[in-house]
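Participant: This is the structure, below, for whatever I ask next.
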Amino acid sequence: MTAIQSVAVFCGSNFGYSPLYKKAAQDLGAELVRLKIALVYGGTTKGLMGVIADTVLGLGGQVTGIITQKLYEKGQFHAHLTHHMVCPNMRERKAKMSELSDAFIALPGGFGTFEELLEAATLTQLGEHSKACGVLNIAGFYEPLRLLMDKAIQEGFMKPQMRDTVLFEQDSALLLKALSSWQAPTVDKWIDAPVP
Ligand code: AMP
């Protein structure tokens with residue numbers, strides 16, 4: 001059982017059309033505060049990112065925002081966070097978010113969210129860190145990712161043992177529980193070549 005003290009949350013810089021997404025960001029924020037887990041995120045006021053930061057701050061929790069210089073200059077930073085860092089670019093920002101977090105959660109989002117989640121899972125697969133990753137599968141948002149992972153397993157691009165590199169849950173409390181009992185895969189990622 002890993003004691004998770006901080007979680008990096010990746011999520012949309014938009015709100016999404018369904019009110020369920022905003023509610024999920026609020027629920028996750030509240031659960032983090034209840035469990036005394038600090039939030040690490042992209043440091044902006046935009047979309048679901050702003051919602052989760054405001055929820056955690058409003059309930060007295062800790063929030064570290066890590067934003068890029070460009071977005072900071074555009075005035076998109078959240079001015080009331082517990083800690084704030086400005087990084088020269090997205091790559092350094094992701095590295096810093098990862099360094100400061102014990103686990104990763106993605107809420108619904110777009111390219112930025114997908115990229116951050118899949119990089120975190122890739123680093124687990126390669127054994128460069130052993131931090132749990134999970135998605136909040138709100139209204140089935142991440143079902144296409146689950147199907148894509150199944151396809152990659154079926155087609156010999158991923159070992160089935162790697163499936164839990166990304167955990168899927170619909171509820172924040174259940175996801176945080178699953179992340180804290182997660183064990184890193186004990187196999188390496190490569191599959192033997194088929195006999196010709
Ligand atoms: P997206 O899902 O494409 O909206 O991108 C959201 C993800 O990319 C977040 O988890 C952030 O880390 C990063 N990101 C995108 N837009 C911003 C922004 N305006 N400020 C800070 N980070 C952002």
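Going through the structure tokens in order, the chains are called A, B, and so on, while each chain numbers its residues from 1 and the ligands are numbered from 1 in the order shown.
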Could you give me the residues within 6 Å of ligand 1, counting only C-alpha atoms and all ligand atoms, as a PyMOL selection string?
Facilitator: chain A and resi 10-14+42-44+46+67+71+76+109-113
Participant: DSSP says strand (DSSP E) for which residues of stretch 15-196 of chain A? Put them as a PyMOL selection string?
Facilitator: chain A and resi 38-41+63-68+83-87+103-106+132-136+166-169
Participant: Nearest to A:Lys96 among A:Pro108, A:Pro194, A:Gly50, A:Gly65, with distances taken over only C-alpha atoms: which residue is it?
Facilitator: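 Of the candidates, the smallest distance to A:Lys96 is held by A:Gly65.
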Participant: Which polymer residues have any atom within 8 Å of an atom of stretch 145-153 of chain A, counting only C-alpha atoms, with same-chain residues fewer than 6 positions away left out, as a list in words?
Facilitator: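 Near neighbours after the sequence-gap exclusion: Lys159, Pro160 and Arg163 of chain A.
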Participant: Can you pull out the residues contacting A:Ala8? Cut-off 7 Å, using only C-alpha atoms, and skip same-chain residues under 5 positions away; I want them as a list in words.
Facilitator: Leu39, Val40, Tyr41, Met97, Ser101, Ala103, Phe104 and Ile105 of chain A
